[in-house]
file start_27.tsv (TSV, C-alpha atoms)
chain	number	residue	atom	x	y	z
A	159	MET	CA	-40.09	31.15	19.45
A	160	ASP	CA	-39.20	32.21	22.97
A	161	ALA	CA	-35.88	31.44	24.61
A	162	SER	CA	-37.26	28.65	26.81
A	163	ALA	CA	-38.72	26.82	23.80
A	164	ALA	CA	-35.50	27.19	21.86
A	165	SER	CA	-33.47	25.78	24.72
A	166	ALA	CA	-35.71	22.71	24.78
A	167	LEU	CA	-34.82	21.77	21.19
A	168	PRO	CA	-32.24	18.99	20.81
A	169	ALA	CA	-28.75	20.12	19.83
A	170	PRO	CA	-27.90	19.56	16.15
A	171	PRO	CA	-25.71	16.53	15.50
A	172	PRO	CA	-22.00	17.32	15.40
A	173	VAL	CA	-20.46	17.87	11.98
A	174	PRO	CA	-18.26	14.87	11.14
A	175	ILE	CA	-14.58	15.76	10.95
A	176	VAL	CA	-11.63	14.32	9.06
A	177	LEU	CA	-8.21	14.44	10.71
A	178	VAL	CA	-4.73	14.05	9.27
A	179	TYR	CA	-2.31	11.88	11.24
A	180	SER	CA	1.30	12.31	10.11
A	181	GLN	CA	3.54	10.32	12.39
A	182	GLY	CA	4.96	7.72	10.02
A	183	ARG	CA	8.33	7.55	8.31
A	184	LYS	CA	7.26	9.83	5.45
A	185	ALA	CA	6.20	12.65	7.78
A	186	ALA	CA	9.76	13.45	8.84
A	187	GLY	CA	10.69	14.40	5.29
A	188	GLY	CA	7.63	16.59	4.71
A	189	GLY	CA	7.49	17.81	1.14
A	190	HIS	CA	5.29	16.30	-1.54
A	191	GLU	CA	4.28	13.21	0.47
A	192	LEU	CA	2.82	15.31	3.28
A	193	ASP	CA	1.12	17.77	0.93
A	194	THR	CA	-0.37	14.86	-1.03
A	195	GLN	CA	-1.75	13.39	2.19
A	196	TRP	CA	-3.46	16.68	3.05
A	197	GLU	CA	-5.01	17.07	-0.40
A	198	LEU	CA	-6.36	13.52	-0.44
A	199	ALA	CA	-7.69	14.02	3.09
A	200	ARG	CA	-9.52	17.12	1.85
A	201	GLN	CA	-11.12	15.11	-0.95
A	202	ILE	CA	-12.08	12.30	1.44
A	203	ALA	CA	-13.74	14.88	3.70
A	204	GLU	CA	-15.68	16.17	0.70
A	205	LEU	CA	-16.84	12.65	-0.13
A	206	LYS	CA	-18.00	12.13	3.45
A	207	GLY	CA	-19.72	15.50	3.71
A	208	ALA	CA	-17.32	16.24	6.54
A	209	GLN	CA	-14.99	19.03	7.58
A	210	LEU	CA	-11.22	18.70	7.29
A	211	ALA	CA	-10.38	19.73	10.84
A	212	GLY	CA	-6.58	19.53	10.77
A	213	ASN	CA	-4.05	17.38	12.60
A	214	VAL	CA	-4.92	14.89	15.30
A	215	ASP	CA	-4.86	16.32	18.82
A	216	ASP	CA	-6.39	15.25	22.11
A	217	ALA	CA	-9.51	17.39	21.65
A	218	CYS	CA	-10.20	15.99	18.21
A	219	ILE	CA	-9.65	12.42	19.35
A	220	ALA	CA	-12.45	12.90	21.87
A	221	SER	CA	-14.85	13.89	19.08
A	222	ALA	CA	-17.47	11.19	18.52
A	223	ASP	CA	-17.66	11.47	14.75
A	224	ARG	CA	-14.14	11.72	13.35
A	225	TYR	CA	-12.26	9.90	10.64
A	226	LEU	CA	-8.48	9.56	10.33
A	227	VAL	CA	-6.29	9.75	7.24
A	228	PRO	CA	-2.90	8.49	8.51
A	229	ASP	CA	0.28	8.49	6.46
A	230	ASP	CA	1.18	4.96	7.51
A	231	THR	CA	-0.39	1.72	8.69
A	232	LEU	CA	-1.26	1.87	12.39
A	233	THR	CA	-0.58	-0.75	15.02
A	234	VAL	CA	-3.41	-1.96	17.24
A	235	ASP	CA	-1.95	0.01	20.15
A	236	GLU	CA	-1.73	3.21	18.09
A	237	ALA	CA	-5.28	2.74	16.81
A	238	ARG	CA	-6.63	2.27	20.33
A	239	LYS	CA	-4.99	5.51	21.52
A	240	LEU	CA	-6.41	7.37	18.52
A	241	GLY	CA	-9.93	6.05	19.02
A	242	VAL	CA	-9.86	3.94	15.85
A	243	ALA	CA	-11.92	0.77	16.30
A	244	SER	CA	-12.77	-0.47	12.80
A	245	GLU	CA	-12.18	0.17	9.12
A	246	ARG	CA	-15.01	2.71	9.21
A	247	ASP	CA	-12.74	5.01	11.25
A	248	LEU	CA	-9.80	5.49	8.88
A	249	TYR	CA	-8.52	5.43	5.30
A	250	GLY	CA	-5.83	2.82	5.77
A	251	GLY	CA	-5.26	-0.20	7.96
A	252	VAL	CA	-4.38	-1.54	11.40
A	253	VAL	CA	-2.00	-4.42	12.20
A	254	PRO	CA	-1.11	-6.25	15.43
A	255	TYR	CA	2.67	-5.80	15.00
A	256	PRO	CA	4.70	-3.29	12.92
A	257	PHE	CA	6.34	-5.97	10.74
A	258	VAL	CA	2.94	-7.14	9.48
A	259	ALA	CA	2.63	-3.90	7.47
A	260	THR	CA	5.93	-4.48	5.64
A	261	LYS	CA	7.27	-6.57	2.77
A	262	LEU	CA	8.57	-9.10	5.30
A	263	ILE	CA	5.38	-11.11	5.66
A	264	ALA	CA	5.39	-11.94	1.94
A	265	HIS	CA	8.12	-14.50	2.72
A	266	GLU	CA	8.85	-17.26	5.18
A	267	LEU	CA	11.90	-17.49	7.40
A	268	PRO	CA	14.81	-19.57	6.04
A	269	PRO	CA	15.01	-23.14	7.33
A	270	GLY	CA	16.53	-23.21	10.80
A	271	ALA	CA	16.14	-19.45	11.25
A	272	ARG	CA	17.80	-18.18	14.39
A	273	HIS	CA	15.67	-15.07	14.91
A	274	ALA	CA	12.03	-14.06	14.48
A	275	PRO	CA	10.09	-11.10	15.89
A	276	GLN	CA	7.40	-11.47	18.52
A	277	GLY	CA	4.10	-12.36	16.87
A	278	TRP	CA	5.60	-13.91	13.71
A	279	SER	CA	3.13	-16.47	12.31
A	280	ARG	CA	4.83	-19.48	10.76
A	281	GLU	CA	1.37	-20.81	9.83
A	282	PHE	CA	0.76	-17.71	7.73
A	283	SER	CA	4.10	-18.15	5.96
A	284	GLU	CA	3.27	-21.78	5.16
A	285	GLN	CA	-0.14	-20.85	3.76
A	286	VAL	CA	1.11	-18.06	1.47
A	287	ARG	CA	4.24	-19.86	0.24
A	288	GLY	CA	2.54	-20.73	-3.04
A	289	LEU	CA	1.08	-17.21	-3.46
A	290	VAL	CA	4.32	-15.20	-3.33
A	291	LEU	CA	7.64	-15.03	-5.19
A	292	PRO	CA	10.63	-17.14	-4.05
A	293	GLY	CA	12.35	-15.49	-1.12
A	294	TYR	CA	12.84	-15.28	2.62
A	295	ALA	CA	12.52	-12.82	5.49
A	296	ALA	CA	15.61	-12.61	7.71
A	297	PHE	CA	16.26	-10.95	11.06
A	298	SER	CA	19.97	-11.67	11.42
A	299	ARG	CA	23.09	-11.66	9.28
A	300	ASP	CA	23.43	-15.45	9.42
A	301	ASP	CA	19.80	-15.96	8.37
A	302	ALA	CA	20.23	-13.54	5.45
A	303	LEU	CA	23.36	-15.39	4.31
A	304	ASP	CA	21.53	-18.73	4.50
A	305	ALA	CA	18.61	-17.33	2.54
A	306	ALA	CA	20.83	-16.00	-0.24
A	307	ALA	CA	22.66	-19.33	-0.51
A	308	LEU	CA	19.32	-21.07	-1.12
A	309	LEU	CA	18.32	-18.58	-3.83
A	310	TRP	CA	21.54	-18.05	-5.78
A	311	PRO	CA	21.11	-21.16	-7.99
A	312	GLY	CA	18.29	-19.17	-9.66
A	313	GLY	CA	20.50	-16.14	-10.35
A	314	ARG	CA	20.99	-12.80	-8.66
A	315	VAL	CA	19.30	-12.00	-5.36
A	316	ARG	CA	17.40	-8.84	-4.50
A	317	ILE	CA	17.82	-7.35	-1.01
A	318	LYS	CA	14.86	-5.27	0.14
A	319	ARG	CA	14.61	-3.17	3.24
A	320	PRO	CA	11.16	-3.50	4.79
A	321	TYR	CA	10.10	0.14	4.58
A	322	GLY	CA	11.27	0.95	1.05
A	323	ILE	CA	8.67	2.66	-1.16
A	324	GLY	CA	8.47	2.75	-4.95
A	325	GLY	CA	11.58	0.62	-5.48
A	326	ALA	CA	13.74	2.47	-2.95
A	327	GLY	CA	15.82	0.59	-0.39
A	328	GLN	CA	16.70	-2.28	-2.73
A	329	ALA	CA	19.93	-3.73	-4.09
A	330	LEU	CA	20.93	-6.59	-6.40
A	331	VAL	CA	23.73	-8.90	-5.25
A	332	GLU	CA	25.36	-11.89	-6.91
A	333	THR	CA	28.37	-12.59	-4.70
A	334	GLY	CA	28.97	-13.14	-1.02
A	335	GLU	CA	31.14	-10.02	-0.90
A	336	GLN	CA	28.34	-7.85	-2.31
A	337	LEU	CA	25.84	-9.32	0.13
A	338	ALA	CA	28.18	-8.77	3.08
A	339	ALA	CA	28.59	-5.13	2.07
A	340	GLU	CA	24.82	-4.63	1.93
A	341	LEU	CA	24.36	-6.24	5.33
A	342	ASP	CA	27.15	-4.08	6.76
A	343	ASP	CA	25.33	-1.03	5.45
A	344	ILE	CA	22.09	-2.12	7.15
A	345	GLY	CA	23.79	-3.05	10.41
A	346	ASP	CA	23.11	-5.90	12.81
A	347	ALA	CA	20.90	-3.81	15.11
A	348	ALA	CA	18.59	-2.79	12.24
A	349	LEU	CA	18.54	-6.36	10.93
A	350	GLN	CA	17.30	-7.65	14.26
A	351	ALA	CA	14.85	-4.80	14.84
A	352	GLU	CA	13.40	-4.46	11.34
A	353	GLY	CA	14.53	-7.42	9.23
A	354	VAL	CA	15.30	-7.66	5.54
A	355	VAL	CA	13.81	-9.44	2.52
A	356	VAL	CA	16.08	-11.72	0.48
A	357	GLU	CA	14.27	-12.46	-2.78
A	358	ARG	CA	15.05	-14.12	-6.09
A	359	HIS	CA	15.58	-11.47	-8.77
A	360	LEU	CA	13.24	-11.71	-11.74
A	361	GLU	CA	14.00	-10.22	-15.14
A	362	ASN	CA	11.53	-7.96	-16.99
A	363	ILE	CA	9.13	-8.06	-14.08
A	364	GLU	CA	5.64	-6.71	-14.65
A	365	THR	CA	3.54	-5.51	-11.73
A	366	LEU	CA	-0.23	-5.61	-11.36
A	367	SER	CA	-2.09	-3.88	-8.55
A	368	VAL	CA	-5.16	-5.43	-6.93
A	369	GLY	CA	-7.11	-3.48	-4.35
A	370	ARG	CA	-10.26	-2.75	-2.40
A	371	VAL	CA	-11.38	0.45	-0.70
A	372	THR	CA	-14.39	1.19	1.52
A	373	LEU	CA	-15.77	4.54	2.61
A	374	ASP	CA	-19.02	4.96	4.54
A	375	GLY	CA	-20.56	1.83	3.07
A	376	LEU	CA	-19.35	2.49	-0.47
A	377	VAL	CA	-17.11	-0.39	-1.57
A	378	ALA	CA	-14.96	-0.50	-4.71
A	379	SER	CA	-12.38	-3.02	-5.94
A	380	TYR	CA	-9.87	-2.79	-8.74
A	381	HIS	CA	-7.07	-4.21	-10.79
A	382	GLY	CA	-4.53	-2.16	-12.69
A	383	VAL	CA	-1.00	-1.76	-13.97
A	384	GLN	CA	1.80	0.47	-12.79
A	385	ARG	CA	3.93	2.78	-14.92
A	386	LEU	CA	7.55	3.76	-14.41
A	387	THR	CA	9.00	7.19	-15.06
A	388	VAL	CA	12.41	8.85	-14.74
A	389	ASN	CA	12.82	11.14	-11.75
A	390	ASN	CA	14.93	14.28	-11.47
A	391	HIS	CA	17.97	12.19	-10.52
A	392	GLY	CA	17.76	9.97	-13.60
A	393	HIS	CA	16.37	6.92	-11.78
A	394	HIS	CA	13.40	4.82	-12.88
A	395	VAL	CA	10.69	5.18	-10.23
A	396	TYR	CA	6.94	4.79	-9.81
A	397	GLY	CA	5.12	7.02	-12.30
A	398	GLY	CA	1.48	6.15	-11.74
A	399	SER	CA	-1.22	3.50	-12.07
A	400	ASP	CA	-4.04	2.75	-14.52
A	401	LEU	CA	-6.97	1.12	-12.73
A	402	VAL	CA	-10.20	-0.62	-13.66
A	403	VAL	CA	-12.48	0.00	-10.66
A	404	VAL	CA	-15.74	-1.86	-10.03
A	405	ARG	CA	-18.46	-1.15	-7.51
A	406	GLY	CA	-18.40	-3.92	-4.90
A	407	ASP	CA	-15.99	-6.29	-3.21
A	408	PHE	CA	-13.43	-8.69	-4.70
A	409	ASP	CA	-16.27	-10.97	-5.83
A	410	ALA	CA	-17.57	-8.20	-8.12
A	411	LEU	CA	-14.05	-7.66	-9.47
A	412	ALA	CA	-13.69	-11.37	-10.27
A	413	ARG	CA	-16.85	-11.26	-12.40
A	414	LEU	CA	-15.30	-8.80	-14.89
A	415	ASP	CA	-14.01	-9.94	-18.27
A	416	MET	CA	-10.21	-10.12	-18.08
A	417	ALA	CA	-7.13	-11.97	-19.31
A	418	ASP	CA	-6.18	-15.21	-17.57
A	419	ASP	CA	-2.99	-13.77	-16.08
A	420	VAL	CA	-4.92	-10.86	-14.54
A	421	ARG	CA	-7.45	-13.30	-13.11
A	422	GLU	CA	-4.62	-15.34	-11.59
A	423	ALA	CA	-3.09	-12.24	-10.01
A	424	ILE	CA	-6.43	-11.26	-8.47
A	425	ALA	CA	-6.91	-14.77	-7.09
A	426	ARG	CA	-3.46	-14.70	-5.47
A	427	ALA	CA	-4.04	-11.27	-3.94
A	428	ARG	CA	-7.43	-12.32	-2.56
A	429	ALA	CA	-5.99	-15.48	-1.03
A	430	PHE	CA	-3.12	-13.51	0.53
A	431	ASP	CA	-5.62	-11.01	1.97
A	432	ALA	CA	-7.72	-13.83	3.45
A	433	CYS	CA	-4.64	-15.38	5.09
A	434	VAL	CA	-3.68	-12.08	6.74
A	435	GLN	CA	-7.14	-11.85	8.26
A	436	LYS	CA	-6.99	-15.45	9.45
A	437	TYR	CA	-3.51	-15.58	10.95
A	438	TYR	CA	-2.91	-12.02	12.20
A	439	ALA	CA	-5.71	-11.28	14.65
A	440	GLY	CA	-6.46	-7.59	15.01
A	441	PHE	CA	-5.88	-6.75	11.34
A	442	TYR	CA	-8.43	-4.65	9.48
A	443	ALA	CA	-8.18	-2.17	6.62
A	444	SER	CA	-10.41	0.10	4.57
A	445	ARG	CA	-7.66	0.52	1.98
A	446	ARG	CA	-6.08	-2.71	0.71
A	447	ASN	CA	-3.59	-2.76	-2.13
A	448	TYR	CA	-1.53	-5.74	-3.26
A	449	ASP	CA	1.25	-5.70	-5.85
A	450	VAL	CA	1.52	-8.93	-7.84
A	451	GLY	CA	4.57	-9.51	-10.03
A	452	TRP	CA	5.31	-11.70	-13.05
A	453	GLY	CA	8.80	-12.46	-14.23
A	454	ALA	CA	11.47	-15.10	-14.94
A	455	ASP	CA	14.68	-15.95	-13.11
A	456	ALA	CA	18.11	-16.49	-14.67
A	457	ASN	CA	17.17	-20.09	-15.57
A	458	GLY	CA	14.07	-18.97	-17.48
A	459	THR	CA	11.66	-20.26	-14.84
A	460	HIS	CA	8.54	-18.07	-14.70
A	461	TYR	CA	6.89	-16.97	-11.47
A	462	CYS	CA	3.79	-15.05	-10.45
A	463	GLY	CA	3.31	-13.92	-6.87
A	464	VAL	CA	2.38	-11.20	-4.40
A	465	LEU	CA	5.28	-8.78	-3.96
A	466	GLU	CA	3.97	-6.67	-1.12
A	467	GLN	CA	0.89	-5.11	0.42
A	468	SER	CA	-0.12	-1.55	1.26
A	469	TRP	CA	-2.72	-0.67	3.91
A	470	ARG	CA	-2.18	3.10	3.84
A	471	LEU	CA	-2.37	5.97	1.36
A	472	GLY	CA	-0.36	5.01	-1.71
A	473	GLY	CA	0.45	5.97	-5.26
A	474	ALA	CA	-2.90	4.71	-6.56
A	475	SER	CA	-4.98	6.47	-3.88
A	476	GLY	CA	-5.81	9.46	-6.08
A	477	ALA	CA	-7.38	7.16	-8.65
A	478	GLU	CA	-9.21	5.27	-5.89
A	479	ILE	CA	-10.73	8.48	-4.55
A	480	GLY	CA	-11.55	9.72	-8.05
A	481	ALA	CA	-13.40	6.48	-8.79
A	482	LEU	CA	-15.27	6.68	-5.46
A	483	ARG	CA	-16.41	10.19	-6.42
A	484	VAL	CA	-17.92	8.86	-9.66
A	485	LEU	CA	-19.55	5.86	-7.97
A	486	GLN	CA	-21.01	8.05	-5.24
A	487	ALA	CA	-22.37	10.64	-7.70
A	488	ASP	CA	-23.89	8.07	-10.07
A	489	ARG	CA	-25.62	5.20	-8.27
A	490	ASN	CA	-25.97	3.36	-11.59
A	491	ALA	CA	-22.27	3.46	-12.38
A	492	HIS	CA	-20.64	0.05	-12.09
A	493	THR	CA	-17.15	0.21	-13.61
A	494	VAL	CA	-14.82	3.21	-13.84
A	495	ARG	CA	-11.35	3.67	-15.32
A	496	ALA	CA	-9.05	5.91	-13.31
A	497	SER	CA	-5.34	6.76	-13.49
A	498	THR	CA	-2.74	8.49	-11.33
A	499	TRP	CA	0.30	10.29	-12.74
A	500	GLU	CA	3.55	11.42	-11.15
A	501	ILE	CA	5.67	13.56	-13.49
A	502	TYR	CA	9.09	14.97	-12.62
A	503	GLY	CA	10.58	18.17	-14.00
A	504	ALA	CA	9.39	21.60	-15.02
A	505	HIS	CA	7.36	20.71	-18.12
A	506	ALA	CA	4.55	18.48	-16.88
A	507	GLU	CA	1.38	18.75	-18.95
A	508	VAL	CA	-1.77	18.39	-16.85
A	509	PRO	CA	-4.94	17.54	-18.83
A	510	ALA	CA	-7.79	19.99	-18.49
A	511	ASP	CA	-10.05	17.34	-16.95
A	512	ALA	CA	-7.45	16.13	-14.43
A	513	CYS	CA	-7.60	16.65	-10.68
A	514	LEU	CA	-4.30	18.13	-9.50
A	515	ILE	CA	-3.02	16.60	-6.26
A	516	TYR	CA	0.38	18.27	-5.97
A	517	HIS	CA	2.70	20.57	-7.87
A	518	GLY	CA	5.83	21.99	-6.36
A	519	THR	CA	9.52	21.55	-5.67
A	520	ASP	CA	10.28	18.93	-3.06
A	521	PRO	CA	13.55	19.28	-1.10
A	522	GLN	CA	14.61	15.74	-2.03
A	523	ALA	CA	12.66	14.87	-5.18
A	524	GLY	CA	12.86	18.23	-6.96
A	525	GLU	CA	9.98	19.55	-9.06
A	526	ILE	CA	7.12	17.07	-9.28
A	527	THR	CA	3.50	17.14	-10.43
A	528	LYS	CA	0.84	14.63	-9.31
A	529	PHE	CA	-2.69	14.34	-10.64
A	530	TYR	CA	-5.37	11.81	-11.45
A	531	THR	CA	-7.86	11.38	-14.25
A	532	VAL	CA	-11.16	9.50	-14.31
A	533	ASP	CA	-12.94	8.25	-17.42
A	534	GLY	CA	-16.26	10.04	-17.28
A	535	SER	CA	-17.97	7.41	-19.42
A	536	SER	CA	-18.39	4.93	-16.58
A	537	GLU	CA	-19.85	1.57	-17.52
A	538	THR	CA	-23.15	0.46	-16.02
call {"tool": "encode", "arguments": {"input": "start_27.tsv", "output": "structure tokens"}}
result
Amino acid sequence: MDASAASALPAPPPVPIVLVYSQGRKAAGGGHELDTQWELARQIAELKGAQLAGNVDDACIASADRYLVPDDTLTVDEARKLGVASERDLYGGVVPYPFVATKLIAHELPPGARHAPQGWSREFSEQVRGLVLPGYAAFSRDDALDAAALLWPGGRVRIKRPYGIGGAGQALVETGEQLAAELDDIGDAALQAEGVVVERHLENIETLSVGRVTLDGLVASYHGVQRLTVNNHGHHVYGGSDLVVVRGDFDALARLDMADDVREAIARARAFDACVQKYYAGFYASRRNYDVGWGADANGTHYCGVLEQSWRLGGASGAEIGALRVLQADRNAHTVRASTWEIYGAHAEVPADACLIYHGTDPQAGEITKFYTVDGSSET
């Protein structure tokens, strides 16, 4: 072929690229969270038949076929600047206001609340009141005090900061003095800017995860349970998740055989998800994860409700990606069991068939090993 003929041929299509975007709260600490993000981004790129091209920069943003793996939920404004227009463009989610991505929206404001952020939907709060646990979102000291007073007849109250992960940023209070000390620690400026959750404490709470992920037309939904472990500082923290993953949307998940309490948790998570889409315009997410808790208060009254949502990479994401790999490789596979594990200390045993996500010594967490396993005998 001569040079003129070769020049007449159309240029090959650009190779799709996957980009890591680390600008959230976890990025500042680096360590195992950042390394985990990079490894999962690499596996997502492999699933997509794409190239992991590195961090987001202006040149990459201009690329027509790129996919983002951010470390946190994006706002609509952030997404627009990054060229993200739909759930097909990222592994995570987009919200109209920062507070929508936090624990705060799982609760209404206390009656007569003095403060609320721009964009707060009271209609959403009214619709999800029966889907969540008893509690309130507060954006001032007075509102937090009022909320606690309404909840104390049911026992101790749990104070949650909006950006806490894996049980961090929480405290139990049972007196006005303890509550005042917690609010002093947060500070009035942070209360007004970020808010706080004031929630009824439940004993022996059990947590179920309900989720849905999509990647290039492949959709999978799941339910599962979380495990606790002891970290290097002697605290009980998130230790992993055991998931049952089905090909398809939440409707496919609901058709599985399951216990009544699991079915109720899935129904509550689905209804919460539908309300977010209805009342917070601009929301979309390719990765949706909802924690649903069961427990009883000090009076023995039992509750079941959505605790919080996650529209970003999370503790269960390794299992999600592992299940997607099976479903992509075997078009007849319908249901897969997958688990993530986070083990602290120097003596973690990693099964031979596991996929290692991270092993190292984190500046804050100490030595930690993360991996996931997938049951190869997928059901059809």
call {"tool": "residues_around", "arguments": {"input": "start_27.tsv", "residues": "Pro292 (chain A)", "least_positions_apart": "2", "cutoff": "8 Å", "atoms": "all atoms listed in the file", "output": "PyMOL selection string"}}
result
chain A and resi 265+290+294+309+357-358
call {"tool": "closest_atom_pairs", "arguments": {"input": "start_27.tsv", "of": "region 199-294 of chain A", "to": "region 438-458 of chain A", "cutoff": "9 Å", "atoms": "all atoms listed in the file", "output": "JSON lines"}}
result
{"residue": "A:Thr231", "atom": "CA", "partner": "A:Ala443", "partner_atom": "CA", "distance": 8.9}
{"residue": "A:Thr233", "atom": "CA", "partner": "A:Phe441", "partner_atom": "CA", "distance": 8.8}
{"residue": "A:Val234", "atom": "CA", "partner": "A:Gly440", "partner_atom": "CA", "distance": 6.8}
{"residue": "A:Ser244", "atom": "CA", "partner": "A:Tyr442", "partner_atom": "CA", "distance": 6.9}
{"residue": "A:Glu245", "atom": "CA", "partner": "A:Ser444", "partner_atom": "CA", "distance": 4.9}
{"residue": "A:Arg246", "atom": "CA", "partner": "A:Ser444", "partner_atom": "CA", "distance": 7.0}
{"residue": "A:Asp247", "atom": "CA", "partner": "A:Ser444", "partner_atom": "CA", "distance": 8.6}
{"residue": "A:Leu248", "atom": "CA", "partner": "A:Ser444", "partner_atom": "CA", "distance": 6.9}
{"residue": "A:Tyr249", "atom": "CA", "partner": "A:Ser444", "partner_atom": "CA", "distance": 5.7}
{"residue": "A:Gly250", "atom": "CA", "partner": "A:Arg445", "partner_atom": "CA", "distance": 4.8}
{"residue": "A:Gly251", "atom": "CA", "partner": "A:Ala443", "partner_atom": "CA", "distance": 3.8}
{"residue": "A:Val252", "atom": "CA", "partner": "A:Phe441", "partner_atom": "CA", "distance": 5.4}
{"residue": "A:Val253", "atom": "CA", "partner": "A:Phe441", "partner_atom": "CA", "distance": 4.6}
{"residue": "A:Pro254", "atom": "CA", "partner": "A:Gly440", "partner_atom": "CA", "distance": 5.5}
{"residue": "A:Tyr255", "atom": "CA", "partner": "A:Tyr438", "partner_atom": "CA", "distance": 8.8}
{"residue": "A:Val258", "atom": "CA", "partner": "A:Tyr438", "partner_atom": "CA", "distance": 8.1}
{"residue": "A:Gly277", "atom": "CA", "partner": "A:Tyr438", "partner_atom": "CA", "distance": 8.4}
{"residue": "A:Trp278", "atom": "CA", "partner": "A:Tyr438", "partner_atom": "CA", "distance": 8.8}
{"residue": "A:Ser279", "atom": "CA", "partner": "A:Tyr438", "partner_atom": "CA", "distance": 7.5}
{"residue": "A:Phe282", "atom": "CA", "partner": "A:Tyr438", "partner_atom": "CA", "distance": 8.1}
{"residue": "A:Val290", "atom": "CA", "partner": "A:Val450", "partner_atom": "CA", "distance": 8.2}
{"residue": "A:Leu291", "atom": "CA", "partner": "A:Gly451", "partner_atom": "CA", "distance": 8.0}
call {"tool": "closest_residue", "arguments": {"input": "start_27.tsv", "among": "A:Val214, A:Ile515, A:Ala347, A:Leu414", "to": "Ser180 (chain A)", "atoms": "all atoms listed in the file"}}
result
A:Val214
call {"tool": "axis_aligned_box", "arguments": {"input": "start_27.tsv", "around": "region 290-294 of chain A", "padding_each_side": "3 Å", "output": "lines of an AutoDock Vina configuration file"}}
result
center_x = 8.6
center_y = -16.1
center_z = -1.3
size_x = 14.5
size_y = 8.1
size_z = 13.8
call {"tool": "residues_around", "arguments": {"input": "start_27.tsv", "residues": "Arg421 (chain A)", "least_positions_apart": "6", "cutoff": "12 Å", "atoms": "only C-alpha atoms", "output": "list in words"}}
result
Leu366, Ser367, Val368, Tyr380, His381, Gly382, Phe408, Asp409, Leu411, Ala412, Arg413, Leu414, Asp415, Ala427, Arg428, Val450 and Cys462 of chain A
call {"tool": "residues_around", "arguments": {"input": "start_27.tsv", "residues": "region 194-198 of chain A", "least_positions_apart": "5", "cutoff": "9 Å", "atoms": "all atoms listed in the file", "output": "list in words"}}
result
Val178, Ser180, Gly189, Ala203, Gly212, Val227, Pro228, Asp229, Leu471, Ser475, Gly476, Ile479, Ile515, Tyr516 and Lys528 of chain A
call {"tool": "atom_distance", "arguments": {"input": "start_27.tsv", "atom1": "CA of Gly334 (chain A)", "atom2": "CA of Asp300 (chain A)"}}
result
12.0 Å
call {"tool": "atom_distance", "arguments": {"input": "start_27.tsv", "atom1": "CA of Val242 (chain A)", "atom2": "CA of Val176 (chain A)"}}
result
12.5 Å
call {"tool": "atom_distance", "arguments": {"input": "start_27.tsv", "atom1": "CA of Leu308 (chain A)", "atom2": "CA of Glu335 (chain A)"}}
result
16.2 Å
call {"tool": "residues_around", "arguments": {"input": "start_27.tsv", "residues": "region 496-499 of chain A", "least_positions_apart": "4", "cutoff": "12 Å", "atoms": "all atoms listed in the file", "output": "MDAnalysis selection string"}}
result
chainID A and resid 380:387 395:404 472:485 506:509 512:517 526:536
